[in-house]
file coords24.cif (mmCIF, C-alpha atoms)
data_input
#
loop_
_atom_site.group_PDB
_atom_site.id
_atom_site.type_symbol
_atom_site.label_atom_id
_atom_site.label_comp_id
_atom_site.auth_asym_id
_atom_site.auth_seq_id
_atom_site.Cartn_x
_atom_site.Cartn_y
_atom_site.Cartn_z
ATOM 1 C CA MET A 21 30.630 19.322 10.851
ATOM 2 C CA ALA A 22 29.326 16.464 8.737
ATOM 3 C CA PRO A 23 28.349 13.083 10.207
ATOM 4 C CA SER A 24 31.325 10.756 10.296
ATOM 5 C CA ASP A 25 31.524 7.147 9.262
ATOM 6 C CA ARG A 26 28.995 5.180 11.278
ATOM 7 C CA SER A 27 30.894 1.960 10.819
ATOM 8 C CA LYS A 28 33.176 3.149 13.614
ATOM 9 C CA LEU A 29 30.297 3.173 16.078
ATOM 10 C CA PRO A 30 29.610 0.213 18.374
ATOM 11 C CA PRO A 31 26.650 -2.054 17.489
ATOM 12 C CA THR A 32 23.458 -0.312 18.632
ATOM 13 C CA MET A 33 19.769 0.018 17.809
ATOM 14 C CA LEU A 34 20.583 2.752 15.306
ATOM 15 C CA SER A 35 20.298 0.821 12.053
ATOM 16 C CA THR A 36 17.067 -0.830 13.188
ATOM 17 C CA LEU A 37 15.325 2.384 14.182
ATOM 18 C CA GLN A 38 16.332 4.203 11.023
ATOM 19 C CA SER A 39 14.745 1.555 8.810
ATOM 20 C CA ASN A 40 11.609 -0.540 8.639
ATOM 21 C CA GLY A 41 13.486 -3.664 9.601
ATOM 22 C CA ASP A 42 13.087 -5.668 12.766
ATOM 23 C CA PRO A 43 15.718 -5.890 15.498
ATOM 24 C CA GLN A 44 18.372 -8.502 14.778
ATOM 25 C CA ILE A 45 18.218 -10.261 18.135
ATOM 26 C CA ARG A 46 19.277 -13.787 18.984
ATOM 27 C CA SER A 47 17.741 -15.429 22.023
ATOM 28 C CA ARG A 48 18.546 -18.347 24.268
ATOM 29 C CA GLY A 49 16.546 -20.277 26.816
ATOM 30 C CA ILE A 50 13.081 -19.899 25.247
ATOM 31 C CA PRO A 51 11.409 -22.525 23.043
ATOM 32 C CA ARG A 52 11.031 -21.720 19.378
ATOM 33 C CA ARG A 53 7.391 -21.500 18.284
ATOM 34 C CA THR A 54 7.793 -21.323 14.529
ATOM 35 C CA LEU A 55 4.269 -22.492 13.685
ATOM 36 C CA ALA A 56 2.595 -20.398 16.376
ATOM 37 C CA ASP A 57 4.395 -17.293 15.129
ATOM 38 C CA SER A 58 3.937 -18.042 11.422
ATOM 39 C CA TYR A 59 1.138 -15.471 10.983
ATOM 40 C CA HIS A 60 3.285 -12.729 12.510
ATOM 41 C CA GLN A 61 6.243 -13.768 10.372
ATOM 42 C CA LEU A 62 4.116 -13.616 7.211
ATOM 43 C CA LEU A 63 2.932 -10.117 8.119
ATOM 44 C CA ARG A 64 6.439 -8.732 8.540
ATOM 45 C CA THR A 65 8.140 -10.476 5.612
ATOM 46 C CA THR A 66 8.674 -8.639 2.330
ATOM 47 C CA TRP A 67 6.109 -8.737 -0.475
ATOM 48 C CA PRO A 68 8.400 -10.641 -2.908
ATOM 49 C CA ARG A 69 9.042 -13.317 -0.277
ATOM 50 C CA LEU A 70 5.351 -13.584 0.604
ATOM 51 C CA ILE A 71 4.270 -13.902 -3.030
ATOM 52 C CA GLY A 72 7.048 -16.403 -3.705
ATOM 53 C CA LEU A 73 6.004 -18.486 -0.683
ATOM 54 C CA LEU A 74 2.325 -18.535 -1.713
ATOM 55 C CA VAL A 75 3.206 -19.556 -5.279
ATOM 56 C CA LEU A 76 5.545 -22.263 -3.981
ATOM 57 C CA VAL A 77 2.879 -23.688 -1.634
ATOM 58 C CA PHE A 78 0.338 -23.656 -4.469
ATOM 59 C CA LEU A 79 2.624 -25.491 -6.885
ATOM 60 C CA VAL A 80 3.953 -28.027 -4.365
ATOM 61 C CA SER A 81 0.469 -28.869 -3.089
ATOM 62 C CA ASN A 82 -0.781 -29.518 -6.613
ATOM 63 C CA LEU A 83 2.244 -31.687 -7.330
ATOM 64 C CA VAL A 84 1.462 -33.711 -4.195
ATOM 65 C CA PHE A 85 -2.226 -34.091 -5.055
ATOM 66 C CA ALA A 86 -1.314 -35.137 -8.595
ATOM 67 C CA GLY A 87 1.005 -37.788 -7.156
ATOM 68 C CA THR A 88 -1.846 -38.990 -4.935
ATOM 69 C CA LEU A 89 -4.311 -39.212 -7.821
ATOM 70 C CA VAL A 90 -1.888 -41.072 -10.078
ATOM 71 C CA LEU A 91 -2.170 -44.044 -7.679
ATOM 72 C CA ASP A 92 -5.591 -44.627 -9.255
ATOM 73 C CA PRO A 93 -4.906 -44.205 -13.007
ATOM 74 C CA ASP A 94 -8.580 -44.633 -13.960
ATOM 75 C CA GLY A 95 -10.032 -42.602 -11.091
ATOM 76 C CA VAL A 96 -10.331 -39.382 -13.123
ATOM 77 C CA GLU A 97 -11.975 -39.023 -16.508
ATOM 78 C CA LEU A 98 -9.350 -37.294 -18.659
ATOM 79 C CA ALA A 99 -10.672 -37.984 -22.156
ATOM 80 C CA GLN A 100 -11.251 -34.293 -22.848
ATOM 81 C CA GLY A 101 -8.292 -33.109 -20.802
ATOM 82 C CA PRO A 102 -5.081 -31.473 -22.009
ATOM 83 C CA HIS A 103 -3.203 -33.171 -24.848
ATOM 84 C CA ILE A 104 -0.233 -34.312 -22.771
ATOM 85 C CA GLU A 105 1.310 -37.776 -22.899
ATOM 86 C CA SER A 106 2.208 -37.935 -19.207
ATOM 87 C CA LEU A 107 -0.652 -39.029 -16.944
ATOM 88 C CA TYR A 108 0.999 -37.294 -13.998
ATOM 89 C CA TRP A 109 1.008 -33.866 -15.642
ATOM 90 C CA ARG A 110 -2.572 -34.286 -16.873
ATOM 91 C CA LEU A 111 -3.585 -34.974 -13.277
ATOM 92 C CA PHE A 112 -1.501 -32.009 -12.167
ATOM 93 C CA PHE A 113 -3.581 -29.659 -14.294
ATOM 94 C CA PHE A 114 -6.747 -31.378 -13.061
ATOM 95 C CA SER A 115 -5.547 -30.672 -9.520
ATOM 96 C CA VAL A 116 -4.962 -27.001 -10.389
ATOM 97 C CA ASP A 117 -8.513 -26.738 -11.759
ATOM 98 C CA THR A 118 -9.858 -28.328 -8.570
ATOM 99 C CA VAL A 119 -7.927 -26.171 -6.084
ATOM 100 C CA ALA A 120 -8.773 -23.016 -8.037
ATOM 101 C CA THR A 121 -12.453 -24.153 -8.266
ATOM 102 C CA ILE A 122 -12.401 -23.477 -12.011
ATOM 103 C CA GLY A 123 -14.370 -26.573 -13.002
ATOM 104 C CA TYR A 124 -14.185 -26.559 -16.803
ATOM 105 C CA GLY A 125 -16.118 -29.824 -16.888
ATOM 106 C CA ASN A 126 -13.695 -31.545 -19.240
ATOM 107 C CA MET A 127 -12.097 -33.551 -16.388
ATOM 108 C CA TYR A 128 -13.884 -35.035 -13.382
ATOM 109 C CA PRO A 129 -13.388 -37.795 -10.752
ATOM 110 C CA VAL A 130 -15.213 -41.081 -11.239
ATOM 111 C CA SER A 131 -13.873 -43.500 -8.614
ATOM 112 C CA LEU A 132 -14.501 -43.343 -4.870
ATOM 113 C CA TYR A 133 -10.788 -42.903 -4.194
ATOM 114 C CA ALA A 134 -10.497 -39.982 -6.605
ATOM 115 C CA ASN A 135 -13.593 -38.298 -5.165
ATOM 116 C CA ILE A 136 -12.182 -38.547 -1.641
ATOM 117 C CA VAL A 137 -8.899 -37.000 -2.792
ATOM 118 C CA VAL A 138 -10.831 -34.224 -4.578
ATOM 119 C CA LEU A 139 -12.848 -33.597 -1.407
ATOM 120 C CA VAL A 140 -9.654 -33.162 0.612
ATOM 121 C CA GLU A 141 -8.189 -30.977 -2.118
ATOM 122 C CA ILE A 142 -11.244 -28.704 -2.213
ATOM 123 C CA VAL A 143 -11.104 -28.204 1.550
ATOM 124 C CA PHE A 144 -7.395 -27.390 1.272
ATOM 125 C CA GLY A 145 -8.054 -24.956 -1.593
ATOM 126 C CA ILE A 146 -10.736 -23.070 0.335
ATOM 127 C CA MET A 147 -8.484 -22.759 3.390
ATOM 128 C CA PHE A 148 -5.476 -21.716 1.282
ATOM 129 C CA VAL A 149 -7.397 -18.982 -0.554
ATOM 130 C CA ALA A 150 -8.906 -17.734 2.714
ATOM 131 C CA LEU A 151 -5.530 -17.564 4.465
ATOM 132 C CA ALA A 152 -3.780 -15.935 1.497
ATOM 133 C CA THR A 153 -6.567 -13.351 1.151
ATOM 134 C CA GLY A 154 -6.538 -12.606 4.880
ATOM 135 C CA ILE A 155 -2.777 -12.114 5.012
ATOM 136 C CA ALA A 156 -2.798 -9.899 1.907
ATOM 137 C CA PHE A 157 -5.647 -7.776 3.308
ATOM 138 C CA ALA A 158 -3.952 -7.465 6.692
ATOM 139 C CA ARG A 159 -0.779 -6.210 5.007
ATOM 140 C CA PHE A 160 -2.606 -3.771 2.729
ATOM 141 C CA SER A 161 -4.724 -2.387 5.579
ATOM 142 C CA ARG A 162 -1.813 -1.678 7.914
ATOM 143 C CA PRO A 163 -1.449 2.063 8.520
ATOM 144 C CA THR A 164 1.725 3.558 7.085
ATOM 145 C CA ALA A 165 3.271 6.988 7.264
ATOM 146 C CA ARG A 166 5.715 8.847 5.055
ATOM 147 C CA ILE A 167 7.490 10.769 7.766
ATOM 148 C CA LEU A 168 10.887 12.286 7.013
ATOM 149 C CA PHE A 169 13.398 13.015 9.777
ATOM 150 C CA SER A 170 16.421 15.246 9.397
ATOM 151 C CA ARG A 171 19.644 13.261 9.194
ATOM 152 C CA THR A 172 21.279 15.454 11.827
ATOM 153 C CA MET A 173 20.421 17.306 15.001
ATOM 154 C CA VAL A 174 21.703 20.798 15.706
ATOM 155 C CA VAL A 175 22.563 22.614 18.919
ATOM 156 C CA GLN A 176 21.977 26.358 18.816
ATOM 157 C CA HIS A 177 21.922 28.931 21.585
ATOM 158 C CA ILE A 178 18.518 30.614 21.894
ATOM 159 C CA ASP A 179 17.924 33.227 24.614
ATOM 160 C CA GLY A 180 21.279 32.266 26.105
ATOM 161 C CA LYS A 181 20.458 28.553 26.446
ATOM 162 C CA PRO A 182 21.663 25.688 24.261
ATOM 163 C CA VAL A 183 18.754 24.084 22.423
ATOM 164 C CA LEU A 184 18.889 20.705 20.729
ATOM 165 C CA MET A 185 16.767 20.617 17.568
ATOM 166 C CA PHE A 186 15.774 18.233 14.807
ATOM 167 C CA ARG A 187 12.989 18.461 12.291
ATOM 168 C CA THR A 188 10.494 16.167 10.695
ATOM 169 C CA ALA A 189 8.076 16.452 7.796
ATOM 170 C CA ASN A 190 4.888 14.774 6.620
ATOM 171 C CA GLN A 191 5.738 13.935 3.012
ATOM 172 C CA ARG A 192 2.152 13.017 2.108
ATOM 173 C CA HIS A 193 0.911 16.457 3.220
ATOM 174 C CA ASN A 194 -2.286 14.883 4.466
ATOM 175 C CA LEU A 195 -3.617 15.761 7.904
ATOM 176 C CA ILE A 196 -2.274 13.826 10.873
ATOM 177 C CA PHE A 197 -4.453 14.718 13.846
ATOM 178 C CA GLU A 198 -3.191 14.897 17.423
ATOM 179 C CA ALA A 199 0.373 14.122 16.431
ATOM 180 C CA GLY A 200 2.693 13.511 19.343
ATOM 181 C CA ILE A 201 6.426 12.972 19.547
ATOM 182 C CA THR A 202 8.792 11.650 22.195
ATOM 183 C CA ALA A 203 12.568 11.765 22.359
ATOM 184 C CA SER A 204 14.754 9.747 24.700
ATOM 185 C CA VAL A 205 18.490 9.457 25.109
ATOM 186 C CA LEU A 206 19.842 5.925 25.289
ATOM 187 C CA ARG A 207 23.272 5.374 26.775
ATOM 188 C CA ASP A 208 25.318 3.102 29.006
ATOM 189 C CA GLU A 209 25.169 3.880 32.720
ATOM 190 C CA GLU A 210 26.844 2.181 35.648
ATOM 191 C CA LEU A 211 24.547 1.106 38.443
ATOM 192 C CA ALA A 212 25.660 -1.009 41.422
ATOM 193 C CA GLY A 213 28.848 -1.902 39.619
ATOM 194 C CA ARG A 214 27.069 -3.080 36.464
ATOM 195 C CA ILE A 215 26.563 -1.444 33.069
ATOM 196 C CA PHE A 216 22.976 -0.890 32.011
ATOM 197 C CA ARG A 217 21.582 0.466 28.727
ATOM 198 C CA ARG A 218 19.038 3.020 29.953
ATOM 199 C CA PHE A 219 16.501 5.393 28.420
ATOM 200 C CA ARG A 220 16.079 8.914 29.782
ATOM 201 C CA ASP A 221 13.254 11.032 28.408
ATOM 202 C CA LEU A 222 13.942 14.493 27.003
ATOM 203 C CA SER A 223 11.446 17.243 27.797
ATOM 204 C CA LEU A 224 10.399 18.981 24.592
ATOM 205 C CA VAL A 225 9.312 22.577 24.109
ATOM 206 C CA ARG A 226 6.321 21.253 22.180
ATOM 207 C CA ASP A 227 5.626 17.526 22.089
ATOM 208 C CA ALA A 228 2.195 17.678 20.418
ATOM 209 C CA ASN A 229 0.886 19.054 17.160
ATOM 210 C CA PRO A 230 -2.894 19.243 16.639
ATOM 211 C CA ILE A 231 -2.596 19.084 12.833
ATOM 212 C CA PHE A 232 0.686 17.839 11.390
ATOM 213 C CA ALA A 233 0.654 18.447 7.625
ATOM 214 C CA LEU A 234 3.927 20.172 6.714
ATOM 215 C CA THR A 235 7.100 20.321 8.811
ATOM 216 C CA TRP A 236 7.808 20.349 12.517
ATOM 217 C CA THR A 237 10.964 21.505 14.267
ATOM 218 C CA VAL A 238 11.277 19.730 17.604
ATOM 219 C CA MET A 239 13.319 21.422 20.355
ATOM 220 C CA HIS A 240 14.784 20.378 23.687
ATOM 221 C CA VAL A 241 16.320 22.984 25.997
ATOM 222 C CA ILE A 242 19.547 21.653 27.513
ATOM 223 C CA ASP A 243 19.333 23.077 31.019
ATOM 224 C CA GLY A 244 20.631 21.820 34.353
ATOM 225 C CA ASP A 245 17.874 19.184 34.587
ATOM 226 C CA SER A 246 18.448 17.828 31.096
ATOM 227 C CA PRO A 247 20.038 14.379 30.663
ATOM 228 C CA LEU A 248 22.251 16.101 28.079
ATOM 229 C CA ALA A 249 23.694 18.691 30.467
ATOM 230 C CA ASP A 250 27.080 16.947 30.516
ATOM 231 C CA TRP A 251 27.142 17.081 26.719
ATOM 232 C CA VAL A 252 27.348 20.866 26.820
ATOM 233 C CA ALA A 253 29.906 20.795 29.636
ATOM 234 C CA ASN A 254 32.139 18.421 27.671
ATOM 235 C CA GLY A 255 31.481 20.111 24.343
ATOM 236 C CA CYS A 256 30.550 16.834 22.659
ATOM 237 C CA ALA A 257 28.191 13.868 22.910
ATOM 238 C CA PRO A 258 29.316 10.500 24.334
ATOM 239 C CA THR A 259 30.086 8.006 21.580
ATOM 240 C CA ASP A 260 27.803 5.377 23.118
ATOM 241 C CA ALA A 261 24.753 7.665 23.187
ATOM 242 C CA GLU A 262 21.731 7.534 20.901
ATOM 243 C CA ILE A 263 18.645 9.701 20.808
ATOM 244 C CA VAL A 264 15.548 7.723 19.888
ATOM 245 C CA VAL A 265 12.560 9.548 18.410
ATOM 246 C CA VAL A 266 9.026 8.140 18.047
ATOM 247 C CA LEU A 267 6.182 10.024 16.353
ATOM 248 C CA HIS A 268 2.526 8.987 16.363
ATOM 249 C CA GLY A 269 -0.786 10.415 15.239
ATOM 250 C CA THR A 270 -4.136 9.668 13.607
ATOM 251 C CA ASP A 271 -4.427 9.610 9.824
ATOM 252 C CA ASN A 272 -7.423 11.666 8.701
ATOM 253 C CA HIS A 273 -8.216 9.367 5.750
ATOM 254 C CA SER A 274 -8.146 5.962 7.449
ATOM 255 C CA GLY A 275 -8.731 7.039 11.058
ATOM 256 C CA GLN A 276 -5.927 4.698 12.098
ATOM 257 C CA THR A 277 -3.002 5.429 14.355
ATOM 258 C CA ILE A 278 0.306 5.736 12.514
ATOM 259 C CA HIS A 279 3.833 5.557 13.880
ATOM 260 C CA ALA A 280 7.282 6.578 12.683
ATOM 261 C CA ARG A 281 10.685 6.269 14.301
ATOM 262 C CA TRP A 282 14.243 7.459 13.939
ATOM 263 C CA ALA A 283 17.483 7.436 15.895
ATOM 264 C CA TYR A 284 20.458 9.784 16.066
ATOM 265 C CA ALA A 285 23.995 8.797 16.968
ATOM 266 C CA ALA A 286 26.449 10.991 18.833
ATOM 267 C CA ASN A 287 28.136 12.077 15.627
ATOM 268 C CA ASP A 288 24.809 13.196 14.152
ATOM 269 C CA VAL A 289 24.783 16.231 16.465
ATOM 270 C CA VAL A 290 26.020 19.410 14.754
ATOM 271 C CA TRP A 291 27.107 22.012 17.294
ATOM 272 C CA GLY A 292 26.668 25.729 16.699
ATOM 273 C CA ALA A 293 24.369 25.386 13.703
ATOM 274 C CA ARG A 294 20.788 25.827 12.593
ATOM 275 C CA PHE A 295 18.624 24.275 9.912
ATOM 276 C CA ALA A 296 18.326 25.995 6.559
ATOM 277 C CA ASP A 297 14.970 27.578 5.717
ATOM 278 C CA ILE A 298 12.917 25.344 3.451
ATOM 279 C CA ILE A 299 9.425 26.888 3.424
ATOM 280 C CA GLN A 300 8.701 29.604 0.879
ATOM 281 C CA ARG A 301 5.689 31.072 -0.901
ATOM 282 C CA ASP A 302 5.114 31.409 -4.620
ATOM 283 C CA ASP A 303 3.414 34.320 -6.367
ATOM 284 C CA ALA A 304 0.006 32.748 -5.795
ATOM 285 C CA GLY A 305 0.603 32.521 -2.047
ATOM 286 C CA HIS A 306 1.038 28.742 -1.979
ATOM 287 C CA ARG A 307 3.569 27.265 0.425
ATOM 288 C CA ILE A 308 6.533 25.508 -1.160
ATOM 289 C CA ILE A 309 8.689 23.051 0.800
ATOM 290 C CA ASP A 310 12.196 22.632 -0.586
ATOM 291 C CA TYR A 311 13.089 19.072 0.378
ATOM 292 C CA ASP A 312 16.423 19.408 -1.385
ATOM 293 C CA ARG A 313 17.531 21.517 1.598
ATOM 294 C CA PHE A 314 15.670 19.579 4.280
ATOM 295 C CA HIS A 315 18.858 18.154 5.811
ATOM 296 C CA ASP A 316 21.030 21.241 5.261
ATOM 297 C CA THR A 317 22.461 23.145 8.223
ATOM 298 C CA GLU A 318 24.057 26.582 8.511
ATOM 299 C CA PRO A 319 26.672 27.676 11.068
ATOM 300 C CA VAL A 320 25.668 30.348 13.550
ATOM 301 C CA ALA A 321 27.890 32.706 15.468
ATOM 302 C CA ALA A 322 28.644 31.654 19.021
ATOM 303 C CA THR A 323 26.984 33.723 21.750
#
call {"tool": "encode", "arguments": {"input": "coords24.cif", "output": "structure tokens"}}
result
Amino acid sequence: MAPSDRSKLPPTMLSTLQSNGDPQIRSRGIPRRTLADSYHQLLRTTWPRLIGLLVLVFLVSNLVFAGTLVLDPDGVELAQGPHIESLYWRLFFFSVDTVATIGYGNMYPVSLYANIVVLVEIVFGIMFVALATGIAFARFSRPTARILFSRTMVVQHIDGKPVLMFRTANQRHNLIFEAGITASVLRDEELAGRIFRRFRDLSLVRDANPIFALTWTVMHVIDGDSPLADWVANGCAPTDAEIVVVLHGTDNHSGQTIHARWAYAANDVVWGARFADIIQRDDAGHRIIDYDRFHDTEPVAAT
């Protein structure tokens, strides 16, 4: 069966874990620390927003410094400056040259007031460039992974036992050393008369891969000790259940730890099916991975 419309599902962590976005959580009772968290916010914002913010700060700051310098009309020597009628805009371009430390030599401060403003502006420019460079480097240097997860999970009987399976692939085909994976079921449970959202870990047939370069089929045997035992008894998964998957490992190029995540809803489980074969060999003996069939499943006869 194909996954049904997810809009019918209750609000969960699903959309967050299947994307690179952050959880959409609103909080009460804690003070907002916008300035203290500004560095973290700049790291997680999108590149277009970050670039737009840096350009906006650069332009606004130069507009402000130009407005400060215009208070002393004769404080800056502008005889060889740009051929613009407006004094304000001539000082604006002087401010840009100062912040960017270009120093063409055609414009320079002469009064004490203008020199003090230029001193403040130079300090601001050094700090701005340092912060912008640091944020850009921190974003570029963050480890990333191109890990693909199957859109569905399948349940197939193997050796007389139902086995829950999903697969993942390393799309870069580089080496990820000591890769490990965890899977947990998240569902509502009643405890002491109250409803709690609880995680229960799923034991995996193999939860580690010494060298993860191609694909990996992850399996969980649904036995009597499995948190999913009632799924088999009922013949379906509870609608409030999610299975959260987290994969981690060490990238062989950067030596940094990488992470990837995914989540499956109840209607992502395909019963009585298996994944289609996607690994083949060409005439030269090279392995070929057919990603066009990565998410495909095939029905299997019931046993």
call {"tool": "resolve_selection", "arguments": {"input": "coords24.cif", "expression": "the PyMOL selection byres ((chain A and resi 225-231) around 8)", "output": "ChimeraX atom specification"}}
result
/A:195-202,223-224,232-233,238-241
call {"tool": "residues_around", "arguments": {"input": "coords24.cif", "residues": "segment 169-173 of chain A", "least_positions_apart": "6", "cutoff": "10 Å", "atoms": "only C-alpha atoms", "output": "PyMOL selection string"}}
result
chain A and resi 22-23+38+184-190+235-239+263+265+280-291+293-295+314-317
call {"tool": "write_last_selection", "arguments": {"input": "coords24.cif", "atoms": "C-alpha atoms", "output": "PDB file, in the coordinates of the input"}}
result
ATOM      1  CA  ALA A  22      29.326  16.464   8.737  1.00  0.00           C
ATOM      2  CA  PRO A  23      28.349  13.083  10.207  1.00  0.00           C
ATOM      3  CA  GLN A  38      16.332   4.203  11.023  1.00  0.00           C
ATOM      4  CA  LEU A 184      18.889  20.705  20.729  1.00  0.00           C
ATOM      5  CA  MET A 185      16.767  20.617  17.568  1.00  0.00           C
ATOM      6  CA  PHE A 186      15.774  18.233  14.807  1.00  0.00           C
ATOM      7  CA  ARG A 187      12.989  18.461  12.291  1.00  0.00           C
ATOM      8  CA  THR A 188      10.494  16.167  10.695  1.00  0.00           C
ATOM      9  CA  ALA A 189       8.076  16.452   7.796  1.00  0.00           C
ATOM     10  CA  ASN A 190       4.888  14.774   6.620  1.00  0.00           C
ATOM     11  CA  THR A 235       7.100  20.321   8.811  1.00  0.00           C
ATOM     12  CA  TRP A 236       7.808  20.349  12.517  1.00  0.00           C
ATOM     13  CA  THR A 237      10.964  21.505  14.267  1.00  0.00           C
ATOM     14  CA  VAL A 238      11.277  19.730  17.604  1.00  0.00           C
ATOM     15  CA  MET A 239      13.319  21.422  20.355  1.00  0.00           C
ATOM     16  CA  ILE A 263      18.645   9.701  20.808  1.00  0.00           C
ATOM     17  CA  VAL A 265      12.560   9.548  18.410  1.00  0.00           C
ATOM     18  CA  ALA A 280       7.282   6.578  12.683  1.00  0.00           C
ATOM     19  CA  ARG A 281      10.685   6.269  14.301  1.00  0.00           C
ATOM     20  CA  TRP A 282      14.243   7.459  13.939  1.00  0.00           C
ATOM     21  CA  ALA A 283      17.483   7.436  15.895  1.00  0.00           C
ATOM     22  CA  TYR A 284      20.458   9.784  16.066  1.00  0.00           C
ATOM     23  CA  ALA A 285      23.995   8.797  16.968  1.00  0.00           C
ATOM     24  CA  ALA A 286      26.449  10.991  18.833  1.00  0.00           C
ATOM     25  CA  ASN A 287      28.136  12.077  15.627  1.00  0.00           C
ATOM     26  CA  ASP A 288      24.809  13.196  14.152  1.00  0.00           C
ATOM     27  CA  VAL A 289      24.783  16.231  16.465  1.00  0.00           C
ATOM     28  CA  VAL A 290      26.020  19.410  14.754  1.00  0.00           C
ATOM     29  CA  TRP A 291      27.107  22.012  17.294  1.00  0.00           C
ATOM     30  CA  ALA A 293      24.369  25.386  13.703  1.00  0.00           C
ATOM     31  CA  ARG A 294      20.788  25.827  12.593  1.00  0.00           C
ATOM     32  CA  PHE A 295      18.624  24.275   9.912  1.00  0.00           C
ATOM     33  CA  PHE A 314      15.670  19.579   4.280  1.00  0.00           C
ATOM     34  CA  HIS A 315      18.858  18.154   5.811  1.00  0.00           C
ATOM     35  CA  ASP A 316      21.030  21.241   5.261  1.00  0.00           C
ATOM     36  CA  THR A 317      22.461  23.145   8.223  1.00  0.00           C
TER      37      THR A 317
END
call {"tool": "resolve_selection", "arguments": {"input": "coords24.cif", "expression": "the PyMOL selection byres ((chain A and resi 276) around 12)", "output": "ChimeraX atom specification"}}
result
/A:161-165,196-198,268-275,277-279
call {"tool": "closest_residue", "arguments": {"input": "coords24.cif", "among": "A:Met147, A:Ile299, A:Ala212, A:Leu168", "to": "Arg192 of chain A", "atoms": "all atoms listed in the file"}}
result
A:Leu168
call {"tool": "atom_distance", "arguments": {"input": "coords24.cif", "atom1": "atom CA of Asn82 of chain A", "atom2": "atom CA of Val96 of chain A"}}
result
15.2 Å
call {"tool": "resolve_selection", "arguments": {"input": "coords24.cif", "expression": "the PyMOL selection byres ((chain A and resi 205-208) around 9)", "output": "mmCIF file with C-alpha atoms, in the frame of the given file"}}
result
data_model
loop_
_atom_site.group_PDB
_atom_site.id
_atom_site.type_symbol
_atom_site.label_atom_id
_atom_site.label_comp_id
_atom_site.auth_asym_id
_atom_site.auth_seq_id
_atom_site.Cartn_x
_atom_site.Cartn_y
_atom_site.Cartn_z
ATOM 1 C CA ALA A 203 12.568 11.765 22.359
ATOM 2 C CA SER A 204 14.754 9.747 24.700
ATOM 3 C CA GLU A 209 25.169 3.880 32.720
ATOM 4 C CA GLU A 210 26.844 2.181 35.648
ATOM 5 C CA ILE A 215 26.563 -1.444 33.069
ATOM 6 C CA PHE A 216 22.976 -0.890 32.011
ATOM 7 C CA ARG A 217 21.582 0.466 28.727
ATOM 8 C CA ARG A 218 19.038 3.020 29.953
ATOM 9 C CA PHE A 219 16.501 5.393 28.420
ATOM 10 C CA ARG A 220 16.079 8.914 29.782
ATOM 11 C CA ASP A 221 13.254 11.032 28.408
ATOM 12 C CA LEU A 222 13.942 14.493 27.003
ATOM 13 C CA PRO A 247 20.038 14.379 30.663
ATOM 14 C CA LEU A 248 22.251 16.101 28.079
ATOM 15 C CA PRO A 258 29.316 10.500 24.334
ATOM 16 C CA THR A 259 30.086 8.006 21.580
ATOM 17 C CA ASP A 260 27.803 5.377 23.118
ATOM 18 C CA ALA A 261 24.753 7.665 23.187
ATOM 19 C CA GLU A 262 21.731 7.534 20.901
ATOM 20 C CA ILE A 263 18.645 9.701 20.808
ATOM 21 C CA VAL A 264 15.548 7.723 19.888
ATOM 22 C CA VAL A 265 12.560 9.548 18.410
#
call {"tool": "atom_distance", "arguments": {"input": "coords24.cif", "atom1": "atom CA of Val80 of chain A", "atom2": "atom CA of Tyr128 of chain A"}}
result
21.2 Å
call {"tool": "closest_residue", "arguments": {"input": "coords24.cif", "among": "A:Gly213, A:Pro182, A:Gly87, A:Gly95", "to": "Trp251 of chain A", "atoms": "all atoms listed in the file"}}
result
A:Pro182
call {"tool": "atom_distance", "arguments": {"input": "coords24.cif", "atom1": "atom CA of Ile142 of chain A", "atom2": "atom CA of Thr121 of chain A"}}
result
7.7 Å
call {"tool": "closest_residue", "arguments": {"input": "coords24.cif", "among": "A:Ile146, A:Val137, A:Val77, A:Ile242", "to": "Gln176 of chain A", "atoms": "all atoms listed in the file"}}
result
A:Ile242
call {"tool": "residues_around", "arguments": {"input": "coords24.cif", "residues": "segment 97-101 of chain A", "least_positions_apart": "5", "cutoff": "8 Å", "atoms": "all atoms listed in the file", "output": "ChimeraX atom specification"}}
result
/A:110,126-130
call {"tool": "write_last_selection", "arguments": {"input": "coords24.cif", "atoms": "C-alpha atoms", "output": "CSV table (one decimal), keeping the file's coordinate frame"}}
result
chain,number,residue,atom,x,y,z
A,110,ARG,CA,-2.6,-34.3,-16.9
A,126,ASN,CA,-13.7,-31.5,-19.2
A,127,MET,CA,-12.1,-33.6,-16.4
A,128,TYR,CA,-13.9,-35.0,-13.4
A,129,PRO,CA,-13.4,-37.8,-10.8
A,130,VAL,CA,-15.2,-41.1,-11.2
call {"tool": "closest_residue", "arguments": {"input": "coords24.cif", "among": "A:Pro319, A:Asp297, A:Ala158, A:Val183", "to": "Arg64 of chain A", "atoms": "only C-alpha atoms"}}
result
A:Ala158
call {"tool": "axis_aligned_box", "arguments": {"input": "coords24.cif", "around": "segment 94-100 of chain A", "padding_each_side": "6 Å", "output": "lines of an AutoDock Vina configuration file"}}
result
center_x = -10.3
center_y = -39.5
center_z = -17.0
size_x = 15.4
size_y = 22.3
size_z = 23.8
call {"tool": "residues_near_point", "arguments": {"input": "coords24.cif", "point": "(1.6, -9.3, 6.3)", "cutoff": "10 Å", "atoms": "only C-alpha atoms", "output": "ChimeraX atom specification"}}
result
/A:59-67,70,152,154-162
call {"tool": "closest_residue", "arguments": {"input": "coords24.cif", "among": "A:Val116, A:Ala134, A:Leu111, A:Val252", "to": "Lys181 of chain A", "atoms": "only C-alpha atoms"}}
result
A:Val252
